[in-house]
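J.: Structure file coords_24.cif (mmCIF, C-alpha atoms) right here:
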```cif
data_start
#
loop_
_atom_site.label_atom_id
_atom_site.label_comp_id
_atom_site.auth_asym_id
_atom_site.auth_seq_id
_atom_site.Cartn_x
_atom_site.Cartn_y
_atom_site.Cartn_z
CA MET A 1 156.62 -162.05 -34.74
CA GLY A 2 153.92 -161.10 -32.22
CA LYS A 3 150.91 -163.14 -31.13
CA THR A 4 148.67 -161.38 -33.66
CA GLY A 5 151.11 -162.10 -36.49
CA LYS A 6 151.26 -165.79 -35.53
CA PHE A 7 147.46 -165.88 -35.33
CA TRP A 8 147.28 -164.45 -38.88
CA VAL A 9 149.80 -166.99 -40.22
CA VAL A 10 147.99 -169.94 -38.59
CA ASN A 11 144.67 -168.62 -39.94
CA ASN A 12 146.09 -168.38 -43.44
CA ILE A 13 147.47 -171.92 -43.30
CA ILE A 14 144.14 -173.34 -42.09
CA PHE A 15 142.12 -171.45 -44.69
CA LEU A 16 144.62 -172.36 -47.41
CA ILE A 17 144.16 -176.06 -46.57
CA ILE A 18 140.37 -175.62 -46.76
CA LEU A 19 140.72 -173.83 -50.11
CA VAL A 20 142.97 -176.60 -51.47
CA ILE A 21 140.42 -179.25 -50.39
CA PHE A 22 137.70 -177.21 -52.10
CA ASP A 23 139.80 -176.96 -55.29
CA VAL A 24 140.49 -180.71 -55.27
CA LEU A 25 136.77 -181.45 -54.92
CA PHE A 26 136.07 -178.98 -57.69
CA ILE A 27 138.47 -180.82 -60.01
CA VAL A 28 137.39 -184.32 -58.98
CA LEU A 29 133.65 -183.66 -59.31
CA ARG A 30 133.99 -182.07 -62.72
CA SER A 31 132.68 -184.21 -65.57
CA ASP A 32 131.35 -182.56 -68.71
CA GLY A 33 131.95 -179.10 -67.38
CA TYR A 34 130.40 -176.94 -64.73
CA LYS A 35 127.55 -174.53 -65.16
CA LEU A 36 128.22 -170.83 -64.80
CA SER A 37 126.82 -170.86 -61.24
CA ALA A 38 129.66 -173.16 -60.14
CA TRP A 39 132.35 -170.98 -61.72
CA ILE A 40 130.91 -167.88 -60.07
CA SER A 41 131.02 -169.63 -56.69
CA PHE A 42 134.55 -170.86 -57.40
CA ALA A 43 135.70 -167.30 -58.11
CA PHE A 44 134.11 -165.88 -54.95
CA ALA A 45 135.68 -168.61 -52.80
CA HIS A 46 139.11 -167.53 -53.98
CA PHE A 47 138.23 -163.87 -53.58
CA ALA A 48 137.25 -164.59 -49.97
CA PHE A 49 140.64 -166.22 -49.33
CA PHE A 50 142.34 -163.22 -50.93
CA MET A 51 140.52 -160.93 -48.46
CA VAL A 52 141.75 -163.06 -45.55
CA THR A 53 145.35 -162.67 -46.70
CA ILE A 54 145.20 -158.88 -47.15
CA THR A 55 143.20 -158.13 -43.99
CA PRO A 56 146.27 -156.83 -42.07
CA LEU A 57 146.86 -154.31 -44.89
CA LEU A 58 143.44 -152.76 -44.28
CA VAL A 59 144.71 -151.22 -41.04
CA THR A 60 146.81 -148.08 -41.36
CA ARG A 61 150.37 -148.27 -40.03
CA LYS A 62 150.41 -144.55 -39.20
CA ARG A 63 149.01 -145.24 -35.76
CA LYS A 64 149.36 -147.82 -33.03
CA LEU A 65 147.02 -150.80 -33.41
CA LEU A 66 144.43 -151.56 -30.79
CA SER A 67 144.97 -154.93 -29.10
CA PHE A 68 141.69 -156.33 -30.48
CA GLU A 69 141.70 -154.59 -33.86
CA LEU A 70 143.52 -157.01 -36.15
CA PRO A 71 142.15 -160.22 -34.52
CA LEU A 72 138.60 -158.87 -34.92
CA ASN A 73 139.20 -158.00 -38.58
CA LEU A 74 140.70 -161.44 -39.17
CA ALA A 75 137.70 -163.06 -37.48
CA LEU A 76 135.32 -161.18 -39.79
CA SER A 77 137.35 -162.22 -42.83
CA GLY A 78 137.47 -165.81 -41.58
CA ILE A 79 133.69 -165.94 -41.15
CA TYR A 80 133.21 -164.49 -44.63
CA PHE A 81 135.60 -167.05 -46.12
CA SER A 82 133.80 -169.91 -44.37
CA LEU A 83 130.37 -168.76 -45.59
CA ALA A 84 131.66 -168.22 -49.12
CA ILE A 85 133.10 -171.76 -49.22
CA ILE A 86 129.92 -173.37 -47.82
CA VAL A 87 127.65 -171.54 -50.27
CA ALA A 88 130.06 -172.33 -53.12
CA LEU A 89 129.93 -176.04 -52.30
CA PHE A 90 126.14 -176.07 -52.64
CA PHE A 91 126.31 -174.49 -56.09
CA VAL A 92 129.19 -176.68 -57.23
CA ILE A 93 127.49 -179.93 -56.17
CA ALA A 94 124.19 -178.81 -57.71
CA SER A 95 126.01 -178.07 -60.96
CA VAL A 96 127.46 -181.58 -61.33
CA ASP A 97 125.67 -183.99 -63.66
CA THR A 98 127.36 -187.35 -63.16
CA PRO A 99 125.67 -190.77 -62.75
CA SER A 100 126.42 -190.73 -59.03
CA THR A 101 124.97 -187.25 -58.47
CA ILE A 102 121.92 -188.07 -60.57
CA GLU A 103 121.37 -191.15 -58.37
CA ILE A 104 121.75 -188.99 -55.25
CA VAL A 105 119.16 -186.54 -56.60
CA ARG A 106 116.79 -189.43 -57.40
CA LEU A 107 117.10 -190.73 -53.83
CA TYR A 108 116.64 -187.21 -52.55
CA TRP A 109 113.29 -186.90 -54.32
CA LYS A 110 112.09 -190.18 -52.79
CA PHE A 111 112.37 -188.68 -49.28
CA ILE A 112 110.60 -185.42 -50.16
CA PRO A 113 106.84 -185.48 -49.38
CA PRO A 114 104.70 -184.66 -52.44
CA ASN A 115 103.34 -181.49 -50.82
CA LEU A 116 106.90 -180.18 -50.33
CA GLN A 117 108.33 -181.16 -53.71
CA ILE A 118 107.60 -177.71 -55.12
CA ILE A 119 110.12 -176.33 -52.58
CA GLY A 120 112.68 -178.93 -53.65
CA ILE A 121 112.17 -178.08 -57.32
CA LEU A 122 112.60 -174.39 -56.53
CA ALA A 123 115.77 -175.08 -54.53
CA GLU A 124 117.24 -177.22 -57.32
CA THR A 125 116.43 -174.55 -59.90
CA LEU A 126 117.96 -171.76 -57.83
CA LEU A 127 121.12 -173.75 -57.12
CA ARG A 128 121.66 -174.12 -60.86
CA SER A 129 121.00 -170.45 -61.57
CA PRO A 130 124.05 -168.26 -62.23
CA VAL A 131 122.04 -165.18 -61.27
CA PHE A 132 121.14 -166.67 -57.88
CA ALA A 133 124.73 -167.82 -57.37
CA LEU A 134 126.00 -164.32 -58.10
CA MET A 135 123.38 -162.64 -55.90
CA SER A 136 124.04 -165.05 -53.00
CA GLN A 137 127.77 -164.39 -53.05
CA LEU A 138 127.30 -160.65 -53.51
CA VAL A 139 124.99 -160.47 -50.49
CA ILE A 140 127.53 -162.30 -48.33
CA ALA A 141 130.39 -160.19 -49.66
CA GLY A 142 128.35 -157.00 -49.22
CA LEU A 143 127.51 -157.77 -45.59
CA TYR A 144 131.14 -158.63 -44.93
CA GLY A 145 132.30 -155.41 -46.60
CA ILE A 146 129.89 -153.27 -44.56
CA LEU A 147 130.84 -154.93 -41.26
CA LEU A 148 134.55 -154.69 -42.04
CA LEU A 149 134.28 -151.04 -43.07
CA VAL A 150 132.28 -150.14 -39.95
CA ASN A 151 134.80 -152.00 -37.81
CA VAL A 152 137.81 -150.33 -39.45
CA VAL A 153 136.29 -146.83 -39.13
CA ALA A 154 135.17 -147.40 -35.53
CA ASN A 155 138.59 -148.77 -34.55
CA LYS A 156 140.32 -145.84 -36.25
CA GLN A 157 138.19 -143.33 -34.34
CA THR A 158 138.77 -145.20 -31.08
CA ALA A 159 142.54 -145.34 -31.67
CA GLU A 160 142.70 -141.63 -32.54
CA ALA A 161 140.71 -140.75 -29.40
CA LEU A 162 143.06 -142.88 -27.28
CA GLU A 163 146.12 -141.30 -28.90
CA LYS A 164 144.71 -137.83 -28.26
CA ARG A 165 143.99 -138.80 -24.68
CA GLN A 166 147.55 -140.08 -24.30
CA VAL A 167 148.96 -136.79 -25.62
CA GLN A 168 146.85 -134.94 -23.06
CA ILE A 169 148.05 -137.22 -20.27
CA ASP A 170 151.64 -136.80 -21.45
CA TYR A 171 151.38 -133.00 -21.06
CA ILE A 172 150.60 -133.29 -17.34
CA LYS A 173 153.06 -136.15 -16.90
CA VAL A 174 155.95 -134.40 -18.65
CA ALA A 175 155.28 -130.99 -17.10
CA SER A 176 154.89 -132.30 -13.53
CA THR A 177 157.92 -134.61 -13.84
CA LYS A 178 160.15 -131.78 -15.07
CA LEU A 179 158.90 -129.46 -12.36
CA LYS A 180 159.41 -132.07 -9.64
CA MET A 181 163.04 -132.52 -10.72
CA ILE A 182 163.50 -128.75 -10.59
CA LEU A 183 161.83 -128.55 -7.18
CA ASP A 184 164.22 -131.15 -5.78
CA ARG A 185 167.15 -128.94 -6.81
CA VAL A 186 165.86 -125.78 -5.08
CA GLU A 187 167.39 -125.34 -1.62
CA GLU A 188 166.34 -121.84 -0.48
CA LYS A 189 163.10 -122.20 1.55
CA GLU A 190 161.19 -119.16 0.24
CA THR A 191 161.97 -120.00 -3.37
CA LYS A 192 161.22 -123.68 -2.84
CA LYS A 193 157.78 -122.84 -1.41
CA ILE A 194 156.84 -120.80 -4.49
CA VAL A 195 158.10 -123.45 -6.91
CA GLU A 196 156.21 -126.08 -4.88
CA LYS A 197 152.95 -124.13 -5.38
CA ALA A 198 153.56 -124.12 -9.13
CA TYR A 199 154.25 -127.86 -9.03
CA ASP A 200 151.05 -128.59 -7.07
CA ALA A 201 149.05 -126.53 -9.59
CA VAL A 202 150.50 -128.43 -12.56
CA TYR A 203 150.22 -131.85 -10.91
CA SER A 204 146.56 -131.34 -9.97
CA SER A 205 145.56 -129.87 -13.35
CA PRO A 206 142.79 -131.63 -15.32
CA VAL A 207 144.18 -134.14 -17.80
CA LYS A 208 141.57 -133.39 -20.43
CA SER A 209 142.67 -130.67 -22.84
CA HIS A 210 141.26 -128.56 -25.67
CA PRO A 211 142.77 -127.36 -28.99
CA SER A 212 142.23 -123.68 -28.02
CA ILE A 213 144.57 -123.95 -25.01
CA GLU A 214 147.34 -126.00 -26.60
CA HIS A 215 149.44 -122.83 -27.03
CA MET A 216 149.17 -122.20 -23.29
CA GLU A 217 150.31 -125.75 -22.53
CA SER A 218 153.31 -125.32 -24.82
CA GLY A 219 154.10 -122.04 -23.05
CA ILE A 220 153.88 -123.78 -19.66
CA VAL A 221 156.37 -126.46 -20.74
CA ASN A 222 158.72 -123.79 -22.14
CA CYS A 223 158.44 -121.80 -18.91
CA ILE A 224 159.33 -124.92 -16.90
CA ASP A 225 162.42 -125.45 -19.08
CA GLU A 226 163.43 -121.81 -18.55
CA LEU A 227 162.84 -122.19 -14.80
CA GLY A 228 165.15 -125.20 -14.78
CA SER A 229 167.89 -123.13 -16.41
CA GLU A 230 167.51 -120.36 -13.84
CA VAL A 231 167.62 -122.84 -10.95
CA SER A 232 170.90 -124.16 -12.35
CA ALA A 233 172.20 -120.57 -12.52
CA GLY A 234 171.00 -119.86 -8.96
CA ASN A 235 169.15 -116.64 -9.96
CA LYS A 236 166.66 -116.31 -7.06
CA GLU A 237 164.73 -113.30 -8.38
CA LYS A 238 164.30 -114.85 -11.81
CA ILE A 239 163.27 -118.19 -10.27
CA ILE A 240 160.56 -116.52 -8.18
CA PHE A 241 159.34 -114.50 -11.16
CA LEU A 242 159.12 -117.57 -13.42
CA ALA A 243 157.47 -119.70 -10.72
CA ASN A 244 154.80 -117.04 -10.12
CA SER A 245 154.32 -116.59 -13.87
CA LEU A 246 154.01 -120.35 -14.26
CA LEU A 247 151.46 -120.56 -11.44
CA THR A 248 149.37 -117.79 -13.05
CA THR A 249 149.44 -119.41 -16.49
CA VAL A 250 148.54 -122.86 -15.12
CA ASN A 251 145.58 -121.45 -13.19
CA GLU A 252 144.45 -119.51 -16.26
CA ARG A 253 144.72 -122.63 -18.38
CA ASN A 254 142.63 -124.63 -15.92
CA LEU A 255 139.95 -121.90 -15.70
CA GLN A 256 139.65 -121.68 -19.49
CA LEU A 257 139.48 -125.45 -19.74
CA LYS A 258 136.72 -125.54 -17.14
CA SER A 259 134.64 -123.00 -19.09
CA LEU A 260 135.24 -124.81 -22.41
CA ASN A 261 134.11 -128.18 -21.04
CA ARG A 262 130.84 -126.96 -19.52
#
```
Go ahead and express the file in the form of structure tokens.

T.:
Amino acid sequence: MGKTGKFWVVNNIIFLIILVIFDVLFIVLRSDGYKLSAWISFAFAHFAFFMVTITPLLVTRKRKLLSFELPLNLALSGIYFSLAIIVALFFVIASVDTPSTIEIVRLYWKFIPPNLQIIGILAETLLRSPVFALMSQLVIAGLYGILLLVNVVANKQTAEALEKRQVQIDYIKVASTKLKMILDRVEEKETKKIVEKAYDAVYSSPVKSHPSIEHMESGIVNCIDELGSEVSAGNKEKIIFLANSLLTTVNERNLQLKSLNR
């Protein structure tokens, strides 16, 4: 298991402990039954934990993950879970009507200045309202969903761009490596000089590519493979012909690429 996997497991354990504590408080505080606002908050708290557990599944396995991708998604889910729990606690406590909570409320009103009691009354009313409980949790969940979606899409685009870039780099890397191995096997000076020119042209080619010249790049790699076969056979004329052909194609590829990227 990698570092990211361990981070996810530790996160889940910590958040599970928090959820269990929340559930215990929910059971202990319950007297004659909770209002609907408390049950709505209870449901969203568990939904938030569910999102934490499935966060790794929100990233496609068809591509290589970015180093920061999963930890960032887990951080967003962790923040959402924490906010959902905190908001849920307010609604759960406000929904409890036991002698101890009634006494706490009575003491609370003693410390509220008369000119601010209207705000306290409004807060108490809202915290007992199922509509306000639902809207509060939906706003938090909505913001989390938007941020997570934006993050997933942005990371996907970044990963695809990096993968495309890697493919482009691999073309130059593979082509120049193959050609260098061929060059090392050529002994005749005139032939070696021509093959060396082809190698220099490939090695110094721009890494950035374009879909319209991919067929040329495939042809270059095939030509290098054919050149390798001819070097093994010792066919000087064919080697010179292929090396010159390769040099022409590489230069043409680079010129087209230059015009496409203007």

J.: When the PyMOL selection byres ((chain A and resi 18-30) around 10) is applied to the file above, which residues end up in the set, as a PyMOL selection string?

T.: chain A and resi 12-17+31-34+38-39+42+45-46+48-49+81-82+85-86+88-89+92-93+95-98+101

J.: State, in Å with one decimal place, the distance from atom CA of A:Phe50 to atom CA of A:Ala133.

T.: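 Computed distance, atom CA of A:Phe50 to atom CA of A:Ala133, equals 19.3 Å.
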
J.: To one decimal place, how far is atom CA of A:Leu255 from atom CA of A:Ser218 in Å?

T.: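 Separating atom CA of A:Leu255 from atom CA of A:Ser218 is a distance of 16.5 Å.
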
J.: Which residues match the PyMOL selection byres ((chain A and resi 186) around 10) in the file above, as an MDAnalysis selection string?

T.: chainID A and resid 181:185 187:193 195:196 228 231:232 234 236 239

J.: Just how far from atom CA of A:Leu149 is atom CA of A:Asn11, in Å to one decimal?

T.: 20.7 Å

J.: Find the residue from A:Val174, A:Val9, A:Val52, A:Val207 that sits nearest to A:Leu148; use all atoms listed in the file when measuring.

T.: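 For A:Leu148, the nearest of the candidates is A:Val52.
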
J.: Expand the PyMOL selection byres ((chain A and resi 73) around 8) into the explicit residue set it covers here, and present it as a ChimeraX atom specification.

T.: /A:55-56,69-72,74-77,148,151-152

J.: What would the file look like if the residues just selected were written as a PDB file, keeping the file's coordinate frame with C-alpha atoms?

T.:
```
ATOM      1  CA  THR A  55     143.200-158.130 -43.990  1.00  0.00           C
ATOM      2  CA  PRO A  56     146.270-156.830 -42.070  1.00  0.00           C
ATOM      3  CA  GLU A  69     141.700-154.590 -33.860  1.00  0.00           C
ATOM      4  CA  LEU A  70     143.520-157.010 -36.150  1.00  0.00           C
ATOM      5  CA  PRO A  71     142.150-160.220 -34.520  1.00  0.00           C
ATOM      6  CA  LEU A  72     138.600-158.870 -34.920  1.00  0.00           C
ATOM      7  CA  LEU A  74     140.700-161.440 -39.170  1.00  0.00           C
ATOM      8  CA  ALA A  75     137.700-163.060 -37.480  1.00  0.00           C
ATOM      9  CA  LEU A  76     135.320-161.180 -39.790  1.00  0.00           C
ATOM     10  CA  SER A  77     137.350-162.220 -42.830  1.00  0.00           C
ATOM     11  CA  LEU A 148     134.550-154.690 -42.040  1.00  0.00           C
ATOM     12  CA  ASN A 151     134.800-152.000 -37.810  1.00  0.00           C
ATOM     13  CA  VAL A 152     137.810-150.330 -39.450  1.00  0.00           C
TER      14      VAL A 152
END
```

J.: Quick one: residues within 12 Å of A:Thr177, all atoms listed in the file, excluding same-chain residues fewer than 2 positions away - as a ChimeraX atom specification?

T.: /A:170-175,179-184,199-200,202-203,221,224-225,228

J.: Save out the residues we just selected, C-alpha atoms, as a PDB file, in the coordinates of the input.

T.:
```pdb
ATOM      1  CA  ASP A 170     151.640-136.800 -21.450  1.00  0.00           C
ATOM      2  CA  TYR A 171     151.380-133.000 -21.060  1.00  0.00           C
ATOM      3  CA  ILE A 172     150.600-133.290 -17.340  1.00  0.00           C
ATOM      4  CA  LYS A 173     153.060-136.150 -16.900  1.00  0.00           C
ATOM      5  CA  VAL A 174     155.950-134.400 -18.650  1.00  0.00           C
ATOM      6  CA  ALA A 175     155.280-130.990 -17.100  1.00  0.00           C
ATOM      7  CA  LEU A 179     158.900-129.460 -12.360  1.00  0.00           C
ATOM      8  CA  LYS A 180     159.410-132.070  -9.640  1.00  0.00           C
ATOM      9  CA  MET A 181     163.040-132.520 -10.720  1.00  0.00           C
ATOM     10  CA  ILE A 182     163.500-128.750 -10.590  1.00  0.00           C
ATOM     11  CA  LEU A 183     161.830-128.550  -7.180  1.00  0.00           C
ATOM     12  CA  ASP A 184     164.220-131.150  -5.780  1.00  0.00           C
ATOM     13  CA  TYR A 199     154.250-127.860  -9.030  1.00  0.00           C
ATOM     14  CA  ASP A 200     151.050-128.590  -7.070  1.00  0.00           C
ATOM     15  CA  VAL A 202     150.500-128.430 -12.560  1.00  0.00           C
ATOM     16  CA  TYR A 203     150.220-131.850 -10.910  1.00  0.00           C
ATOM     17  CA  VAL A 221     156.370-126.460 -20.740  1.00  0.00           C
ATOM     18  CA  ILE A 224     159.330-124.920 -16.900  1.00  0.00           C
ATOM     19  CA  ASP A 225     162.420-125.450 -19.080  1.00  0.00           C
ATOM     20  CA  GLY A 228     165.150-125.200 -14.780  1.00  0.00           C
TER      21      GLY A 228
END
```

J.: Which of these, A:Lys197, A:Ser37, A:Val87, A:Val250, has the shortest distance to A:Cys223 once you count all atoms listed in the file?

T.: A:Val250
